[in-house]
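Asks: The structure under discussion is supplied below as structure tokens; questions concerning it will follow.
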Amino acid sequence: APAATPGAPAAAEPAEEAPPEGGLLGAVAVGLTDVGRTVREQVTDGSIPARVSAAAGQAETRLSNAFTSGNALGFLLWACTGWGLGLVLLYGLRMLPWLRPLPQGTRFRMERRQRLWRNAGLDAARRLAPWLPAAVLMLAWPAILPRSGDSARLFLGVAVPFLVGSLVLRLGGPLLFLLGPLRGWRIVAYAERRIMPWVGALAMLSVTSTMLRAPELRWTLGWDVAAVLTFLVDLTLGIVAVLFIIHRRRGVQRLLSRRHTEHPEEKTKLHKMIAEQLAANWHLLGLLIVGGHLISRLIGVGGGSFIGRAMVTVGAIVVISAIAYAISGGFARLAGVLHNGKGGLPRRLVWRYLGLARQAVRVVASLMIMVVGLRIWGVDAVAWVSGGIGLAIVRPILSIAAVLLVAWLVWATVDTAVDFALLPRENTSRARDHSTRVRTLLPLLRNFAFVVLVVLTIISILSNLGVNVALLLGGVSIFGVALGFGSQQLVQDVITGLFMLFEDTIAIGDTIDTGDRNGTVESLTIRTVRIRDGEGALHTIPFSQIKALKNRSRGLGVYTVKVVVGYDAHLDRVMEVMKEVGQSLRDDPVLGPDMLTGLEIWGVDQFTPEGITIMGGLKTRALKQWGVGRAFNLRLKQRFDEEGIPLTPPRPSLVLPPHTVKEMEADIGA
């Protein structure tokens, strides 16, 4: 490289790629555009067409030389002979009666459980008896009829995958037979009939992909030819694996799961839980592995085998899941200790936060599994999210997650605090005497906090998505002004209701009278009050329509006593009897607690033709005056009867002798 000229300006270093603006939606749009451009360049003028063109040239040259020298026909005759003899041994010996596999109806029977291992071993030996001589013949064929090393490698490159696939199919039946008592004979028979052919095909493709990566076989086929064949085999392997997962998802799930055969106490063990989760979600794990394999092959990263990477991926998932389940289980046990219905507000808040902590552990574990899995398959996710388009996509997602987390924490704190404040009993099991104001305002406060959190969360999410929140808020404000002019009555209802609630004018459970309606308050909103009257009807009244309010549930109640006696009654004795009856009510164990004072005699109120009116009053607790008054009237009447005190003057009556009555009746009849 030429040396730099003294005094010449140094070459400017490439500027770091700036992340695109426009929030998450803009970053995703830019990312999709970049991916489309990269794929288009890769397909049209990238490495894929160049590699295919080079592979076609290598294959044409090698095949031309082979046919020209006559080696191709000799190799085909030699190889087909070896393969044919192996197939004859493999399938011809199976025709012998003592080597035929047992029919499924005979193999999967209940009475064969007593000799499970013996029968499985005999079945495996019967199946392997034809395979062993065929395998020995094929593997030893290059030594029996020696040829060049390239011919031997090509021969084994075809024979070994076929032998492995056949071996998997033949050993799968006896191995599944051992699972019969644990999983059920029907699912085992189904697995051998429907699942094992897919497994054999996947094993054959996996071994083929592994052998094509061997340097010796690559040298024989040509590096470009081997690379293209490896890519095609890997692509076929991925497609077959995806089809297998889609079509046989439930069957494999039932084969792996022990949900219906384990005792309930065994399901709480850590390894049992992990195994059960892997069995229930094996299709997701399989799709993750296949997806990583296909992505790594399409973008050209990594060069390991599918089987090796899959095993490492499964191991990493098991380790991360075990750690996550251990931490989550510890949180669950701690939450179980805290959630016993006792404890103060901090204890309840910690229990509520532990639920979020368990979910956070699972999310972090899932992200770690994704990052580690992609790294195993050659994709560096950490480097991708550290700058450029990756950072532009991940940063809004993290911001949205943080907003949701903060909103949930605030809501959980408010909701738990309100629920704790409204508990009917304290930690000492002593009943709480909640004020009606507390029972009314706290639920309204919780609803108000929920609405505010939802609005702020939506605005933050839209901002991170790239939506212009300023224009949105401007439009909302204009709409709010227009709505305000058209809903003045609504605004008046809300403002009046807020003042009534904060001034504690009414509350749920109060008995009120608005002038035209009266009853018990059942519910309150910031705009209306709902009243249940004595006939059971429910009235909904806007606050602005309440001009004057009579609340009978606050402070005390007074029952007005009005007694009318005759003019010949002894008034001092009457008032003395009234006080005695009032005192008897105060001494009553049932009615006494509802009374604040005894009977207060106000004096003689007026003289009427009916008699003399004496007025008094009974002060009671709120809403108790009517019950106390009715009891007072009953006892007063009973005492007046005992004392001979008339409540009203006697009406005049005329008593006639019998003969006079008969004369009057005769005159009337005449």
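Note on naming: chains are A, B, ... as they come in the structure tokens, residues start from 1 per chain, ligands start from 1 in the order shown.
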Env of stretch 490-493 of chain A: 8 Å cut, atoms = only C-alpha atoms, seq-sep filter 4 positions within chain, self excluded. Answer as a list in words.

Replies: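 Here the qualifying residues turn out to be Gly484, Gly497, Ile526, Arg527, Thr528, Pro542, Phe543 and Ser544 of chain A.
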
Asks: Go ahead and write the selection's residues with N, CA, C and O atoms as a short mmCIF file (atom, residue, chain, number, x, y, z; two decimals), in the first residue's frame.

Replies:
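File written: part_38.cif
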```cif
data_model
loop_
_atom_site.label_atom_id
_atom_site.label_comp_id
_atom_site.auth_asym_id
_atom_site.auth_seq_id
_atom_site.Cartn_x
_atom_site.Cartn_y
_atom_site.Cartn_z
N GLY A 484 -67.13 21.21 25.18
CA GLY A 484 -67.49 21.96 26.38
C GLY A 484 -68.63 22.92 26.15
O GLY A 484 -69.51 23.07 27.01
N GLY A 497 -71.09 17.92 41.56
CA GLY A 497 -70.85 16.63 42.21
C GLY A 497 -69.52 16.59 42.94
O GLY A 497 -69.43 16.05 44.05
N ILE A 526 -69.31 10.95 39.54
CA ILE A 526 -68.96 12.37 39.57
C ILE A 526 -70.04 13.23 38.93
O ILE A 526 -69.94 14.46 38.93
N ARG A 527 -71.11 12.60 38.41
CA ARG A 527 -72.16 13.36 37.74
C ARG A 527 -73.54 13.13 38.34
O ARG A 527 -74.38 14.03 38.34
N THR A 528 -73.82 11.95 38.88
CA THR A 528 -75.17 11.61 39.32
C THR A 528 -75.13 10.93 40.68
O THR A 528 -74.09 10.44 41.13
N PRO A 542 -79.12 13.88 38.42
CA PRO A 542 -77.89 14.68 38.23
C PRO A 542 -77.69 15.65 39.38
O PRO A 542 -78.64 16.18 39.95
N PHE A 543 -76.45 15.90 39.72
CA PHE A 543 -76.15 16.76 40.87
C PHE A 543 -76.67 18.19 40.66
O PHE A 543 -77.05 18.86 41.61
N SER A 544 -76.66 18.66 39.40
CA SER A 544 -77.07 20.03 39.18
C SER A 544 -78.56 20.25 39.45
O SER A 544 -79.00 21.40 39.61
#
```

Asks: Hey, what's within 9 Å of A:Gly86 if we count only C-alpha atoms and toss same-chain stuff fewer than 3 positions away? As a PDB file with N, CA, C and O atoms, in the first residue's frame, please?

Replies:
```
ATOM      1  N   THR A  81     -23.778 -52.077  -7.550  1.00  0.00           N
ATOM      2  CA  THR A  81     -23.681 -53.466  -7.103  1.00  0.00           C
ATOM      3  C   THR A  81     -23.637 -53.536  -5.579  1.00  0.00           C
ATOM      4  O   THR A  81     -24.328 -54.344  -4.948  1.00  0.00           O
ATOM      5  N   GLY A  82     -22.790 -52.721  -4.978  1.00  0.00           N
ATOM      6  CA  GLY A  82     -22.714 -52.717  -3.517  1.00  0.00           C
ATOM      7  C   GLY A  82     -24.015 -52.281  -2.869  1.00  0.00           C
ATOM      8  O   GLY A  82     -24.486 -52.898  -1.902  1.00  0.00           O
ATOM      9  N   TRP A  83     -24.616 -51.206  -3.396  1.00  0.00           N
ATOM     10  CA  TRP A  83     -25.884 -50.749  -2.823  1.00  0.00           C
ATOM     11  C   TRP A  83     -26.978 -51.801  -3.009  1.00  0.00           C
ATOM     12  O   TRP A  83     -27.783 -52.043  -2.119  1.00  0.00           O
ATOM     13  N   LEU A  89     -29.902 -57.794   1.147  1.00  0.00           N
ATOM     14  CA  LEU A  89     -29.764 -58.324   2.505  1.00  0.00           C
ATOM     15  C   LEU A  89     -30.737 -57.640   3.474  1.00  0.00           C
ATOM     16  O   LEU A  89     -31.313 -58.287   4.356  1.00  0.00           O
ATOM     17  N   LEU A  90     -30.903 -56.325   3.317  1.00  0.00           N
ATOM     18  CA  LEU A  90     -31.722 -55.567   4.267  1.00  0.00           C
ATOM     19  C   LEU A  90     -33.186 -55.950   4.189  1.00  0.00           C
ATOM     20  O   LEU A  90     -33.852 -56.147   5.222  1.00  0.00           O
ATOM     21  N   TYR A  91     -33.704 -56.094   2.956  1.00  0.00           N
ATOM     22  CA  TYR A  91     -35.132 -56.372   2.813  1.00  0.00           C
ATOM     23  C   TYR A  91     -35.420 -57.829   2.468  1.00  0.00           C
ATOM     24  O   TYR A  91     -36.542 -58.298   2.706  1.00  0.00           O
ATOM     25  N   TRP A 131     -30.425 -55.949   9.246  1.00  0.00           N
ATOM     26  CA  TRP A 131     -29.696 -54.692   9.046  1.00  0.00           C
ATOM     27  C   TRP A 131     -28.194 -54.861   9.226  1.00  0.00           C
ATOM     28  O   TRP A 131     -27.405 -54.229   8.513  1.00  0.00           O
ATOM     29  N   PRO A 133     -25.952 -57.466   8.627  1.00  0.00           N
ATOM     30  CA  PRO A 133     -25.151 -57.897   7.462  1.00  0.00           C
ATOM     31  C   PRO A 133     -25.177 -56.889   6.321  1.00  0.00           C
ATOM     32  O   PRO A 133     -24.175 -56.717   5.626  1.00  0.00           O
ATOM     33  N   ALA A 134     -26.327 -56.193   6.154  1.00  0.00           N
ATOM     34  CA  ALA A 134     -26.379 -55.173   5.105  1.00  0.00           C
ATOM     35  C   ALA A 134     -25.427 -54.029   5.428  1.00  0.00           C
ATOM     36  O   ALA A 134     -24.722 -53.516   4.537  1.00  0.00           O
ATOM     37  N   ALA A 135     -25.373 -53.598   6.689  1.00  0.00           N
ATOM     38  CA  ALA A 135     -24.465 -52.525   7.073  1.00  0.00           C
ATOM     39  C   ALA A 135     -23.016 -52.957   6.929  1.00  0.00           C
ATOM     40  O   ALA A 135     -22.166 -52.190   6.441  1.00  0.00           O
ATOM     41  N   VAL A 136     -22.709 -54.184   7.348  1.00  0.00           N
ATOM     42  CA  VAL A 136     -21.333 -54.667   7.217  1.00  0.00           C
ATOM     43  C   VAL A 136     -20.916 -54.722   5.751  1.00  0.00           C
ATOM     44  O   VAL A 136     -19.800 -54.323   5.370  1.00  0.00           O
ATOM     45  N   LEU A 137     -21.833 -55.194   4.905  1.00  0.00           N
ATOM     46  CA  LEU A 137     -21.498 -55.291   3.486  1.00  0.00           C
ATOM     47  C   LEU A 137     -21.255 -53.911   2.884  1.00  0.00           C
ATOM     48  O   LEU A 137     -20.263 -53.700   2.164  1.00  0.00           O
ATOM     49  N   MET A 138     -22.154 -52.960   3.172  1.00  0.00           N
ATOM     50  CA  MET A 138     -21.988 -51.630   2.575  1.00  0.00           C
ATOM     51  C   MET A 138     -20.752 -50.921   3.093  1.00  0.00           C
ATOM     52  O   MET A 138     -20.017 -50.277   2.328  1.00  0.00           O
TER      53      MET A 138
END
```

Asks: For A:Leu501, list every protein, DNA or RNA residue within 9 Å, evaluated using only C-alpha atoms, and leave out those in the same chain fewer than 3 positions away; present the list as number ranges by chain.

Replies: A: 437, 440-441, 496-498, 504-507, 524, 526

Asks: Produce a file of the selected residues containing all heavy atoms, as a CSV table (one decimal), in the first residue's frame.

Replies:
```csv
chain,number,residue,atom,x,y,z
A,437,ARG,N,-67.7,8.7,54.1
A,437,ARG,CA,-66.9,9.5,53.2
A,437,ARG,C,-65.8,8.7,52.6
A,437,ARG,O,-65.5,8.8,51.4
A,437,ARG,CB,-66.4,10.8,53.9
A,437,ARG,CG,-65.7,11.7,53.0
A,437,ARG,CD,-65.2,13.0,53.7
A,437,ARG,NE,-64.6,13.9,52.9
A,437,ARG,CZ,-64.1,15.1,53.2
A,437,ARG,NH1,-64.1,15.4,54.5
A,437,ARG,NH2,-63.6,15.9,52.4
A,440,THR,N,-67.0,6.2,50.1
A,440,THR,CA,-67.5,6.9,48.9
A,440,THR,C,-66.3,7.4,48.0
A,440,THR,O,-66.3,7.2,46.8
A,440,THR,CB,-68.4,8.0,49.2
A,440,THR,OG1,-69.5,7.5,50.0
A,440,THR,CG2,-69.0,8.7,47.9
A,441,LEU,N,-65.4,8.1,48.6
A,441,LEU,CA,-64.3,8.8,47.9
A,441,LEU,C,-63.2,7.9,47.4
A,441,LEU,O,-62.6,8.1,46.3
A,441,LEU,CB,-63.7,9.9,48.7
A,441,LEU,CG,-64.6,11.1,49.0
A,441,LEU,CD1,-63.9,12.1,49.9
A,441,LEU,CD2,-65.1,11.7,47.7
A,496,THR,N,-70.6,20.4,40.4
A,496,THR,CA,-71.4,20.3,41.6
A,496,THR,C,-71.2,19.0,42.3
A,496,THR,O,-71.1,19.0,43.5
A,496,THR,CB,-72.9,20.4,41.2
A,496,THR,OG1,-73.1,21.6,40.4
A,496,THR,CG2,-73.8,20.5,42.4
A,497,GLY,N,-71.1,17.9,41.6
A,497,GLY,CA,-70.8,16.6,42.2
A,497,GLY,C,-69.5,16.6,42.9
A,497,GLY,O,-69.4,16.1,44.0
A,498,LEU,N,-68.5,17.2,42.3
A,498,LEU,CA,-67.2,17.2,43.0
A,498,LEU,C,-67.2,18.0,44.3
A,498,LEU,O,-66.7,17.5,45.4
A,498,LEU,CB,-66.1,17.8,42.1
A,498,LEU,CG,-65.7,16.9,40.9
A,498,LEU,CD1,-64.7,17.7,40.0
A,498,LEU,CD2,-65.1,15.6,41.3
A,504,ASP,N,-68.3,16.3,51.6
A,504,ASP,CA,-69.0,15.2,52.4
A,504,ASP,C,-70.4,15.5,52.7
A,504,ASP,O,-70.9,15.3,53.8
A,504,ASP,CB,-68.2,15.0,53.7
A,504,ASP,CG,-68.5,13.6,54.3
A,504,ASP,OD1,-69.0,12.7,53.5
A,504,ASP,OD2,-68.3,13.4,55.5
A,505,THR,N,-71.1,16.1,51.7
A,505,THR,CA,-72.5,16.4,51.9
A,505,THR,C,-73.4,15.1,51.9
A,505,THR,O,-74.3,15.0,52.7
A,505,THR,CB,-73.0,17.3,50.7
A,505,THR,OG1,-72.2,18.4,50.7
A,505,THR,CG2,-74.5,17.7,50.9
A,506,ILE,N,-73.1,14.2,51.0
A,506,ILE,CA,-73.8,12.9,51.0
A,506,ILE,C,-72.8,11.8,50.8
A,506,ILE,O,-71.6,12.0,50.3
A,506,ILE,CB,-74.9,12.8,49.9
A,506,ILE,CG1,-74.2,13.1,48.5
A,506,ILE,CG2,-76.0,13.8,50.2
A,506,ILE,CD1,-75.2,13.0,47.3
A,507,ALA,N,-73.2,10.6,51.1
A,507,ALA,CA,-72.3,9.4,50.9
A,507,ALA,C,-73.2,8.2,50.7
A,507,ALA,O,-74.4,8.2,50.9
A,507,ALA,CB,-71.4,9.2,52.1
A,524,LEU,N,-72.7,6.5,43.8
A,524,LEU,CA,-72.4,7.9,43.4
A,524,LEU,C,-71.4,7.9,42.3
A,524,LEU,O,-70.5,7.0,42.2
A,524,LEU,CB,-71.8,8.7,44.6
A,524,LEU,CG,-72.7,9.0,45.8
A,524,LEU,CD1,-71.9,9.5,46.9
A,524,LEU,CD2,-73.8,10.0,45.4
A,526,ILE,N,-69.3,11.0,39.5
A,526,ILE,CA,-69.0,12.4,39.6
A,526,ILE,C,-70.0,13.2,38.9
A,526,ILE,O,-69.9,14.5,38.9
A,526,ILE,CB,-67.6,12.6,38.9
A,526,ILE,CG1,-67.7,12.2,37.4
A,526,ILE,CG2,-66.5,11.9,39.6
A,526,ILE,CD1,-66.5,12.5,36.6
```

Asks: If you count only C-alpha atoms, which residues fall within 12 Å of stretch 216-224 of chain A, apart from same-chain ones fewer than 4 positions away, as a ChimeraX atom specification?

Replies: /A:47-63,148-158,208-212,228-231

Asks: Print the selection's residues with N, CA, C and O atoms to a file, as a compact mmCIF listing (two decimals), in the first residue's frame.

Replies:
```
# COMPACT_ATOMS: atom_id res chain seq x y z
N SER A 47 -23.47 -13.31 -3.45
CA SER A 47 -22.65 -14.53 -3.41
C SER A 47 -23.42 -15.76 -3.85
O SER A 47 -22.81 -16.75 -4.28
N ILE A 48 -24.75 -15.77 -3.77
CA ILE A 48 -25.50 -16.98 -4.11
C ILE A 48 -25.38 -17.29 -5.60
O ILE A 48 -25.03 -18.41 -5.99
N PRO A 49 -25.66 -16.34 -6.50
CA PRO A 49 -25.48 -16.67 -7.93
C PRO A 49 -24.04 -17.03 -8.29
O PRO A 49 -23.82 -17.92 -9.12
N ALA A 50 -23.09 -16.33 -7.66
CA ALA A 50 -21.68 -16.64 -7.96
C ALA A 50 -21.34 -18.05 -7.52
O ALA A 50 -20.65 -18.79 -8.25
N ARG A 51 -21.81 -18.46 -6.32
CA ARG A 51 -21.50 -19.81 -5.84
C ARG A 51 -22.18 -20.87 -6.71
O ARG A 51 -21.59 -21.91 -7.03
N VAL A 52 -23.44 -20.63 -7.13
CA VAL A 52 -24.14 -21.59 -7.99
C VAL A 52 -23.44 -21.70 -9.34
O VAL A 52 -23.28 -22.81 -9.90
N SER A 53 -23.01 -20.57 -9.88
CA SER A 53 -22.31 -20.60 -11.17
C SER A 53 -20.99 -21.37 -11.07
O SER A 53 -20.66 -22.19 -11.93
N ALA A 54 -20.26 -21.13 -9.97
CA ALA A 54 -18.99 -21.85 -9.80
C ALA A 54 -19.24 -23.34 -9.60
O ALA A 54 -18.49 -24.18 -10.12
N ALA A 55 -20.30 -23.69 -8.84
CA ALA A 55 -20.60 -25.11 -8.63
C ALA A 55 -20.99 -25.79 -9.93
O ALA A 55 -20.60 -26.95 -10.19
N ALA A 56 -21.75 -25.10 -10.78
CA ALA A 56 -22.13 -25.69 -12.07
C ALA A 56 -20.89 -25.93 -12.93
O ALA A 56 -20.77 -26.96 -13.61
N GLY A 57 -19.96 -24.99 -12.91
CA GLY A 57 -18.73 -25.18 -13.67
C GLY A 57 -17.91 -26.35 -13.16
O GLY A 57 -17.38 -27.15 -13.94
N GLN A 58 -17.75 -26.45 -11.84
CA GLN A 58 -17.00 -27.58 -11.27
C GLN A 58 -17.66 -28.91 -11.60
O GLN A 58 -16.98 -29.88 -11.98
N ALA A 59 -19.00 -28.99 -11.46
CA ALA A 59 -19.68 -30.26 -11.74
C ALA A 59 -19.54 -30.64 -13.21
O ALA A 59 -19.31 -31.83 -13.55
N GLU A 60 -19.66 -29.66 -14.10
CA GLU A 60 -19.53 -29.97 -15.53
C GLU A 60 -18.13 -30.47 -15.85
O GLU A 60 -17.96 -31.44 -16.61
N THR A 61 -17.11 -29.85 -15.28
CA THR A 61 -15.73 -30.27 -15.56
C THR A 61 -15.46 -31.66 -15.03
O THR A 61 -14.88 -32.51 -15.74
N ARG A 62 -15.86 -31.93 -13.80
CA ARG A 62 -15.57 -33.24 -13.20
C ARG A 62 -16.36 -34.35 -13.90
O ARG A 62 -15.82 -35.45 -14.13
N LEU A 63 -17.64 -34.11 -14.22
CA LEU A 63 -18.42 -35.15 -14.90
C LEU A 63 -17.87 -35.40 -16.31
O LEU A 63 -17.84 -36.56 -16.79
N SER A 148 -10.61 -46.28 -5.98
CA SER A 148 -9.93 -45.07 -5.52
C SER A 148 -10.62 -44.52 -4.27
O SER A 148 -11.78 -44.84 -3.95
N GLY A 149 -9.89 -43.66 -3.57
CA GLY A 149 -10.46 -43.07 -2.36
C GLY A 149 -11.66 -42.19 -2.65
O GLY A 149 -12.62 -42.13 -1.87
N ASP A 150 -11.65 -41.49 -3.79
CA ASP A 150 -12.81 -40.66 -4.14
C ASP A 150 -14.05 -41.52 -4.34
O ASP A 150 -15.16 -41.16 -3.91
N SER A 151 -13.91 -42.66 -5.00
CA SER A 151 -15.05 -43.56 -5.21
C SER A 151 -15.58 -44.08 -3.89
O SER A 151 -16.80 -44.17 -3.68
N ALA A 152 -14.69 -44.44 -2.96
CA ALA A 152 -15.13 -44.95 -1.66
C ALA A 152 -15.89 -43.87 -0.89
O ALA A 152 -16.91 -44.15 -0.26
N ARG A 153 -15.39 -42.61 -0.94
CA ARG A 153 -16.07 -41.54 -0.21
C ARG A 153 -17.46 -41.26 -0.80
O ARG A 153 -18.42 -41.03 -0.07
N LEU A 154 -17.58 -41.28 -2.12
CA LEU A 154 -18.90 -41.08 -2.73
C LEU A 154 -19.84 -42.23 -2.39
O LEU A 154 -21.04 -42.01 -2.13
N PHE A 155 -19.33 -43.46 -2.41
CA PHE A 155 -20.16 -44.62 -2.09
C PHE A 155 -20.67 -44.52 -0.65
O PHE A 155 -21.87 -44.71 -0.39
N LEU A 156 -19.79 -44.22 0.29
CA LEU A 156 -20.20 -44.14 1.69
C LEU A 156 -21.07 -42.90 1.94
O LEU A 156 -21.91 -42.89 2.84
N GLY A 157 -20.87 -41.82 1.15
CA GLY A 157 -21.70 -40.64 1.31
C GLY A 157 -23.16 -40.90 1.04
O GLY A 157 -24.04 -40.19 1.55
N VAL A 158 -23.45 -41.91 0.23
CA VAL A 158 -24.84 -42.30 -0.02
C VAL A 158 -25.27 -43.41 0.93
O VAL A 158 -26.41 -43.43 1.41
N THR A 208 -26.58 -36.69 6.22
CA THR A 208 -26.11 -36.24 4.91
C THR A 208 -25.48 -34.86 5.00
O THR A 208 -24.40 -34.61 4.43
N SER A 209 -26.15 -33.94 5.74
CA SER A 209 -25.58 -32.60 5.90
C SER A 209 -24.25 -32.64 6.63
O SER A 209 -23.30 -31.92 6.27
N THR A 210 -24.13 -33.51 7.63
CA THR A 210 -22.87 -33.61 8.37
C THR A 210 -21.75 -34.17 7.50
O THR A 210 -20.61 -33.68 7.52
N MET A 211 -22.06 -35.19 6.70
CA MET A 211 -21.02 -35.79 5.84
C MET A 211 -20.59 -34.84 4.74
O MET A 211 -19.41 -34.84 4.34
N LEU A 212 -21.50 -34.02 4.24
CA LEU A 212 -21.12 -33.07 3.18
C LEU A 212 -20.17 -32.00 3.68
O LEU A 212 -19.53 -31.31 2.88
N VAL A 228 -23.02 -25.93 -2.35
CA VAL A 228 -24.39 -25.83 -2.85
C VAL A 228 -25.22 -27.02 -2.40
O VAL A 228 -26.38 -26.88 -1.99
N LEU A 229 -24.66 -28.23 -2.47
CA LEU A 229 -25.40 -29.42 -2.02
C LEU A 229 -25.71 -29.33 -0.52
O LEU A 229 -26.81 -29.70 -0.08
N THR A 230 -24.74 -28.84 0.26
CA THR A 230 -24.99 -28.69 1.70
C THR A 230 -26.11 -27.70 1.96
O THR A 230 -26.99 -27.93 2.81
N PHE A 231 -26.11 -26.60 1.22
CA PHE A 231 -27.18 -25.60 1.38
C PHE A 231 -28.55 -26.20 1.02
O PHE A 231 -29.54 -26.00 1.74
```

Asks: Residues near A:Ala120, anyone? I mean within 9 Å using only C-alpha atoms, not counting same-chain ones fewer than 4 positions away, as a ChimeraX atom specification.

Replies: /A:115-116,124-125,173-175,177-178

Asks: Could you please write out, as a ChimeraX atom specification, every residue of stretch 53-245 of chain A that DSSP assigns to alpha helix (DSSP H)?

Replies: /A:53-69,71-92,104-107,116-144,149-178,180-183,185-190,196-212,215-221,223-245

Asks: Please list as a list in words every residue within 9 Å of stretch 545-548 of chain A, counting only C-alpha atoms and excluding residues in the same chain fewer than 6 positions away.

Replies: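 Residues near the query, excluding close chain neighbours: Asp493, Asp513, Thr514 and Gly515 of chain A.
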
Asks: Could you write those residues out with C-alpha atoms, as a PDB file, in the first residue's frame?

Replies:
```pdb
ATOM      1  CA  ASP A 493     -73.160  18.249  36.976  1.00  0.00           C
ATOM      2  CA  ASP A 513     -84.568  13.983  50.627  1.00  0.00           C
ATOM      3  CA  THR A 514     -84.103  16.209  47.575  1.00  0.00           C
ATOM      4  CA  GLY A 515     -87.582  17.751  47.785  1.00  0.00           C
TER       5      GLY A 515
END
```

Asks: For a test of reading the model, state the distance in Å between atom CA of A:Ile187 and atom CA of A:Arg250, rounded to one decimal.

Replies: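 Interatomic distance here is 10.7 Å.
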
Asks: Between A:Thr613, A:Leu294, A:Leu585, A:Asp419, which is the closest to A:Leu634 once you count only C-alpha atoms?

Replies: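 Comparing A:Thr613, A:Leu294, A:Leu585, A:Asp419 against A:Leu634, the winner is A:Leu585.
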
Asks: At what distance in Å, to one decimal, does atom CA of A:Ile508 lie from atom CA of A:Gly617?

Replies: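 Spanning atom CA of A:Gly617 to atom CA of A:Ile508 is a straight-line distance of 28.3 Å.
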
Asks: Which of these residues is nearest to A:Leu636, using only C-alpha atoms: A:Cys80, A:Leu374, A:Ile495, A:Val561?

Replies: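 Result for the nearest residue to A:Leu636: A:Val561.
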
Asks: Quote the spacing between atom CA of A:Val574 and atom CA of A:Leu556 in Å to one decimal place.

Replies: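 So the answer is 26.9 Å.
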
Asks: Any chance you could list, as a ChimeraX atom specification, the residues in stretch 521-595 of chain A that come up strand (DSSP E) when DSSP is run on the backbone?

Replies: /A:521-524,528-532,538-542,550-551,556-565,595
